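File shown: structure-v2.csv. Contents: CSV, C-alpha atoms.
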chain,number,residue,atom,x,y,z
A,7,MET,CA,36.8,174.4,258.3
A,8,ILE,CA,39.5,175.7,255.9
A,9,TYR,CA,42.5,177.2,257.6
A,10,SER,CA,44.7,179.8,255.9
A,11,VAL,CA,48.0,180.0,257.7
A,12,ASP,CA,51.6,180.8,256.7
A,13,VAL,CA,54.2,179.0,258.8
A,14,GLU,CA,57.9,180.1,258.7
A,15,ILE,CA,60.5,177.8,260.2
A,16,THR,CA,64.1,178.8,260.7
A,17,ALA,CA,67.0,177.0,262.3
A,18,PRO,CA,70.7,177.8,262.5
A,19,VAL,CA,73.2,175.3,261.2
A,20,ASN,CA,76.4,175.4,263.2
A,21,ASP,CA,79.8,174.4,261.9
A,22,THR,CA,79.6,171.2,264.0
A,23,GLU,CA,76.3,170.2,262.5
A,24,VAL,CA,75.3,168.4,259.3
A,25,THR,CA,72.8,170.4,257.4
A,26,ASP,CA,70.8,167.3,256.4
A,27,ARG,CA,70.2,166.5,260.1
A,28,VAL,CA,68.8,170.0,260.7
A,29,VAL,CA,66.6,169.5,257.7
A,30,ASP,CA,65.5,166.2,259.1
A,31,ALA,CA,64.7,167.8,262.5
A,32,ILE,CA,62.4,170.2,260.8
A,33,THR,CA,60.7,167.7,258.5
A,34,ASN,CA,60.2,165.2,261.3
A,35,LEU,CA,57.8,167.7,262.9
A,36,PHE,CA,56.7,169.5,259.7
A,37,PRO,CA,56.7,166.9,257.0
A,38,ASP,CA,54.9,169.1,254.4
A,39,ALA,CA,57.4,172.0,254.8
A,40,ASP,CA,59.2,173.3,251.7
A,41,VAL,CA,62.8,173.5,252.9
A,42,THR,CA,65.6,175.6,251.5
A,43,GLU,CA,69.2,175.5,252.7
A,44,HIS,CA,71.3,178.7,253.1
A,45,PRO,CA,74.8,179.1,254.5
A,46,GLY,CA,74.5,178.8,258.2
A,47,GLU,CA,70.7,178.3,258.4
A,48,VAL,CA,67.8,176.3,257.1
A,49,LEU,CA,64.5,178.0,256.1
A,50,ALA,CA,61.2,176.2,255.7
A,51,THR,CA,57.6,177.2,255.0
A,52,THR,CA,54.3,175.3,255.2
A,53,HIS,CA,50.6,176.1,255.3
A,54,GLN,CA,49.5,173.5,257.8
A,55,LEU,CA,50.3,172.0,261.2
A,56,GLU,CA,48.5,168.7,261.0
A,57,HIS,CA,51.4,166.5,261.9
A,58,PHE,CA,52.7,168.9,264.5
A,59,SER,CA,49.2,168.9,266.1
A,60,GLU,CA,49.2,165.0,266.0
A,61,ARG,CA,52.5,165.0,267.9
A,62,LEU,CA,51.1,167.4,270.6
A,63,HIS,CA,48.2,165.1,271.1
A,64,ALA,CA,50.3,161.9,271.1
A,65,GLN,CA,52.8,163.5,273.6
A,66,GLU,CA,49.9,164.8,275.7
A,67,ILE,CA,51.4,168.3,275.9
A,68,LEU,CA,48.4,170.4,274.6
A,69,ASP,CA,48.4,172.7,277.7
A,70,THR,CA,52.1,173.3,277.3
A,71,ALA,CA,51.7,174.1,273.7
A,72,ARG,CA,48.8,176.5,274.3
A,73,GLY,CA,50.9,178.3,276.9
A,74,GLN,CA,53.8,178.6,274.5
A,75,PHE,CA,51.5,179.8,271.7
A,76,GLU,CA,49.9,182.4,273.9
A,77,ALA,CA,53.3,183.6,275.2
A,78,GLY,CA,54.5,184.1,271.7
A,79,ARG,CA,51.3,185.8,270.5
A,80,ASP,CA,51.7,189.0,268.4
A,81,GLY,CA,48.6,190.2,266.7
A,82,ASP,CA,47.5,187.7,264.0
A,83,ALA,CA,50.6,185.6,264.6
A,84,PHE,CA,52.3,183.5,267.3
A,85,ALA,CA,55.8,182.2,267.5
A,86,PHE,CA,57.6,179.5,269.5
A,87,ALA,CA,60.9,177.7,269.6
A,88,LEU,CA,61.7,174.0,269.6
A,89,LYS,CA,64.8,172.0,270.6
A,90,LYS,CA,66.6,170.6,267.6
A,91,GLN,CA,67.8,167.4,269.2
A,92,ALA,CA,64.2,166.4,270.2
A,93,ALA,CA,62.9,167.4,266.8
A,94,PHE,CA,65.4,165.1,265.2
A,95,GLN,CA,63.8,162.3,267.2
A,96,GLY,CA,60.4,163.4,266.0
A,97,VAL,CA,59.6,164.8,269.5
A,98,VAL,CA,58.1,168.2,270.3
A,99,ASN,CA,60.1,169.8,273.0
A,100,PHE,CA,59.5,173.6,273.5
A,101,ALA,CA,62.7,175.6,274.0
A,102,VAL,CA,62.2,177.8,277.0
A,103,GLY,CA,64.8,179.7,279.0
A,104,ASN,CA,68.4,179.7,277.6
A,105,PRO,CA,68.8,178.8,274.0
A,106,ASP,CA,70.3,175.4,273.2
A,107,GLU,CA,74.0,175.5,272.3
A,108,LEU,CA,73.1,174.3,268.8
A,109,GLY,CA,70.4,176.9,268.5
A,110,ASP,CA,66.7,176.3,268.4
A,111,ILE,CA,64.2,175.8,265.7
A,112,HIS,CA,62.1,179.0,265.5
A,113,VAL,CA,58.5,178.8,264.2
A,114,ARG,CA,56.3,181.7,263.3
A,115,VAL,CA,52.6,181.1,262.4
A,116,ARG,CA,50.6,183.9,260.8
A,117,VAL,CA,46.9,183.1,260.7
A,118,GLU,CA,44.8,184.7,258.0
A,119,ASP,CA,41.6,182.7,258.6
A,120,PRO,CA,40.0,182.0,261.0
A,121,SER,CA,41.2,183.9,264.2
A,122,VAL,CA,44.4,183.0,266.0
A,123,ASP,CA,42.4,181.7,268.9
A,124,GLU,CA,40.3,179.4,266.7
A,125,PHE,CA,43.5,178.1,265.0
A,126,VAL,CA,45.2,177.5,268.4
A,127,ASP,CA,42.1,175.6,269.6
A,128,TYR,CA,42.4,173.5,266.4
A,129,VAL,CA,46.1,172.7,266.8
A,130,ALA,CA,46.1,172.3,270.6
A,131,PRO,CA,42.6,172.2,271.9
A,132,PRO,CA,41.8,173.2,275.5
A,133,THR,CA,41.9,170.3,277.9
A,134,GLU,CA,40.1,169.2,281.0
A,135,ASP,CA,41.9,166.6,283.2
A,136,GLY,CA,44.4,166.3,280.4
A,137,ARG,CA,41.9,165.3,277.7
A,138,PRO,CA,41.0,167.6,274.8
A,139,VAL,CA,37.6,169.3,275.2
A,140,THR,CA,35.4,169.8,272.2
A,141,SER,CA,32.8,172.5,271.7
A,142,ASP,CA,29.1,171.8,271.7
A,143,ALA,CA,29.0,172.6,268.0
A,144,GLU,CA,31.7,169.9,267.3
A,145,ASP,CA,29.8,167.4,269.4
A,146,ARG,CA,26.6,167.9,267.5
A,147,GLY,CA,28.3,167.5,264.1
A,148,PRO,CA,27.3,169.2,260.8
A,149,GLY,CA,23.7,170.2,260.3
A,150,ASN,CA,22.5,169.6,263.8
Reformat the file's structure so that it appears as structure tokens.
Amino acid sequence: MIYSVDVEITAPVNDTEVTDRVVDAITNLFPDADVTEHPGEVLATTHQLEHFSERLHAQEILDTARGQFEAGRDGDAFAFALKKQAAFQGVVNFAVGNPDELGDIHVRVRVEDPSVDEFVDYVAPPTEDGRPVTSDAEDRGPGN
């Protein structure tokens, strides 16, 4: 399946922070992102979430991710926030509640193809007893 998504990532850079560290925080989770630095913030774009999805699987936080994606759903897009310090360590930690004093990394994903639901299932599949559940079609494989 070919996915067509536009991912926009923004993060504030505070006076006490080194811009390169904020860039590293973003690229640790989104290594394919095209990053541009602006006064007071870093912007990045990418068209895939492969590495981010791998981190969700490795950290076993698929259900948490699905909840965050659903909470931030808006039409053909969804948004979520991540903690910068965790991202700098290569760890996905969703920012919920009060924003971090350094500001959070904000991610907005617009899905052109397939549907948002299908893309969310791809990035963070539904789980049963903590393990990803695949559909019957995936189990059978192509052409069966």
Legend entry - Å distance separating atom CA of A:Thr33 from atom CA of A:Val115, one decimal place: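 That distance, rounded to one decimal, is 16.1 Å.
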Inset, instruction - Check the smallest atom-to-atom distance from each of A:Val102, A:Ile67, A:Glu60, A:Leu108 to A:Gly46 using all atoms listed in the file, then report the winner. - result: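 Result for the nearest residue to A:Gly46: A:Leu108.
Distance cut-off 10 Å, centre (69.6, 175.6, 270.8), atoms counted all atoms listed in the file; the residues meeting this are A:Ala17, A:Pro18, A:Ala87, A:Leu88, A:Lys89, A:Lys90, A:Gln91, A:Ala101, A:Val102, A:Asn104, A:Pro105, A:Asp106, A:Glu107, A:Leu108, A:Gly109, A:Asp110, A:Ile111, A:His112.
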Legend entry - Which of A:Val19, A:Val24, A:Ala93, A:Val129 sits closest to A:Leu55 [using all atoms listed in the file]: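 Smallest separation from A:Leu55 among the options: A:Val129.
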Inset, instruction - Identify which of the residues A:Phe100, A:Tyr9, A:Phe84, A:Phe94 lies closest to A:Ala31, counting all atoms listed in the file when measuring atom-to-atom distances. - result: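 Of A:Phe100, A:Tyr9, A:Phe84, A:Phe94, the one nearest A:Ala31 is A:Phe94, counting all atoms listed in the file.
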Legend entry - Gap from atom CA of A:Arg137 to atom CA of A:Phe86 - Å, one decimal: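 So the answer is 22.7 Å.
Minimum atom-to-atom distances from A:Val29, A:Gly81, A:Thr70, A:Pro37 to A:Gln54 were compared using all atoms listed in the file, and the lowest value belongs to A:Pro37.
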Saved stretch 127-138 of chain A from the preceding structure, all heavy atoms, as a short mmCIF file (atom, residue, chain, number, x, y, z; two decimals), in the first residue's frame:
data_model
loop_
_atom_site.label_atom_id
_atom_site.label_comp_id
_atom_site.auth_asym_id
_atom_site.auth_seq_id
_atom_site.Cartn_x
_atom_site.Cartn_y
_atom_site.Cartn_z
N ASP A 127 -4.15 2.84 11.57
CA ASP A 127 -3.99 1.40 11.77
C ASP A 127 -2.61 0.93 11.31
O ASP A 127 -2.04 -0.01 11.87
CB ASP A 127 -5.06 0.61 11.01
CG ASP A 127 -6.43 0.69 11.68
OD1 ASP A 127 -6.52 1.20 12.82
OD2 ASP A 127 -7.41 0.24 11.06
N TYR A 128 -2.07 1.58 10.30
CA TYR A 128 -0.74 1.23 9.79
C TYR A 128 0.36 1.69 10.76
O TYR A 128 1.27 0.94 11.10
CB TYR A 128 -0.54 1.87 8.41
CG TYR A 128 0.87 1.84 7.91
CD1 TYR A 128 1.44 0.64 7.48
CD2 TYR A 128 1.64 2.99 7.87
CE1 TYR A 128 2.75 0.60 7.02
CE2 TYR A 128 2.95 2.96 7.41
CZ TYR A 128 3.50 1.76 7.00
OH TYR A 128 4.80 1.72 6.55
N VAL A 129 0.26 2.93 11.23
CA VAL A 129 1.29 3.49 12.12
C VAL A 129 1.21 2.86 13.51
O VAL A 129 2.23 2.51 14.10
CB VAL A 129 1.15 5.03 12.23
CG1 VAL A 129 2.11 5.60 13.27
CG2 VAL A 129 1.40 5.68 10.87
N ALA A 130 0.00 2.71 14.03
CA ALA A 130 -0.22 2.17 15.37
C ALA A 130 -1.40 1.21 15.31
O ALA A 130 -2.54 1.59 15.58
CB ALA A 130 -0.48 3.30 16.36
N PRO A 131 -1.13 -0.04 14.90
CA PRO A 131 -2.24 -0.99 14.74
C PRO A 131 -2.98 -1.26 16.05
O PRO A 131 -2.40 -1.10 17.13
CB PRO A 131 -1.55 -2.26 14.24
CG PRO A 131 -0.10 -2.07 14.41
CD PRO A 131 0.17 -0.62 14.62
N PRO A 132 -4.25 -1.64 15.91
CA PRO A 132 -5.00 -2.01 17.10
C PRO A 132 -4.29 -3.18 17.80
O PRO A 132 -3.59 -3.95 17.15
CB PRO A 132 -6.36 -2.47 16.58
CG PRO A 132 -6.41 -2.10 15.14
CD PRO A 132 -5.01 -1.83 14.69
N THR A 133 -4.47 -3.28 19.11
CA THR A 133 -3.83 -4.36 19.84
C THR A 133 -4.85 -5.22 20.57
O THR A 133 -5.97 -4.79 20.83
CB THR A 133 -2.82 -3.82 20.88
OG1 THR A 133 -3.54 -3.05 21.85
CG2 THR A 133 -1.75 -2.96 20.23
N GLU A 134 -4.41 -6.41 20.89
CA GLU A 134 -5.20 -7.31 21.74
C GLU A 134 -4.20 -7.89 22.73
O GLU A 134 -3.17 -8.45 22.32
CB GLU A 134 -5.82 -8.41 20.88
CG GLU A 134 -6.95 -9.14 21.56
CD GLU A 134 -7.69 -10.03 20.57
OE1 GLU A 134 -8.50 -9.49 19.80
OE2 GLU A 134 -7.41 -11.23 20.57
N ASP A 135 -4.45 -7.72 24.00
CA ASP A 135 -3.51 -8.14 25.04
C ASP A 135 -2.12 -7.53 24.81
O ASP A 135 -1.09 -8.18 25.01
CB ASP A 135 -3.41 -9.67 25.11
CG ASP A 135 -4.75 -10.32 25.46
OD1 ASP A 135 -5.50 -9.70 26.24
OD2 ASP A 135 -5.03 -11.41 24.95
N GLY A 136 -2.11 -6.28 24.31
CA GLY A 136 -0.85 -5.58 24.13
C GLY A 136 -0.08 -5.91 22.87
O GLY A 136 0.98 -5.36 22.62
N ARG A 137 -0.60 -6.83 22.04
CA ARG A 137 0.09 -7.20 20.81
C ARG A 137 -0.69 -6.70 19.60
O ARG A 137 -1.92 -6.75 19.59
CB ARG A 137 0.22 -8.72 20.70
CG ARG A 137 0.98 -9.33 21.87
CD ARG A 137 1.71 -10.59 21.42
NE ARG A 137 2.48 -11.20 22.46
CZ ARG A 137 3.65 -10.76 22.91
NH1 ARG A 137 4.18 -9.69 22.40
NH2 ARG A 137 4.29 -11.40 23.86
N PRO A 138 0.02 -6.22 18.57
CA PRO A 138 -0.68 -5.75 17.37
C PRO A 138 -1.55 -6.85 16.75
O PRO A 138 -1.14 -8.01 16.71
CB PRO A 138 0.45 -5.37 16.41
CG PRO A 138 1.63 -5.14 17.30
CD PRO A 138 1.46 -6.07 18.47
#
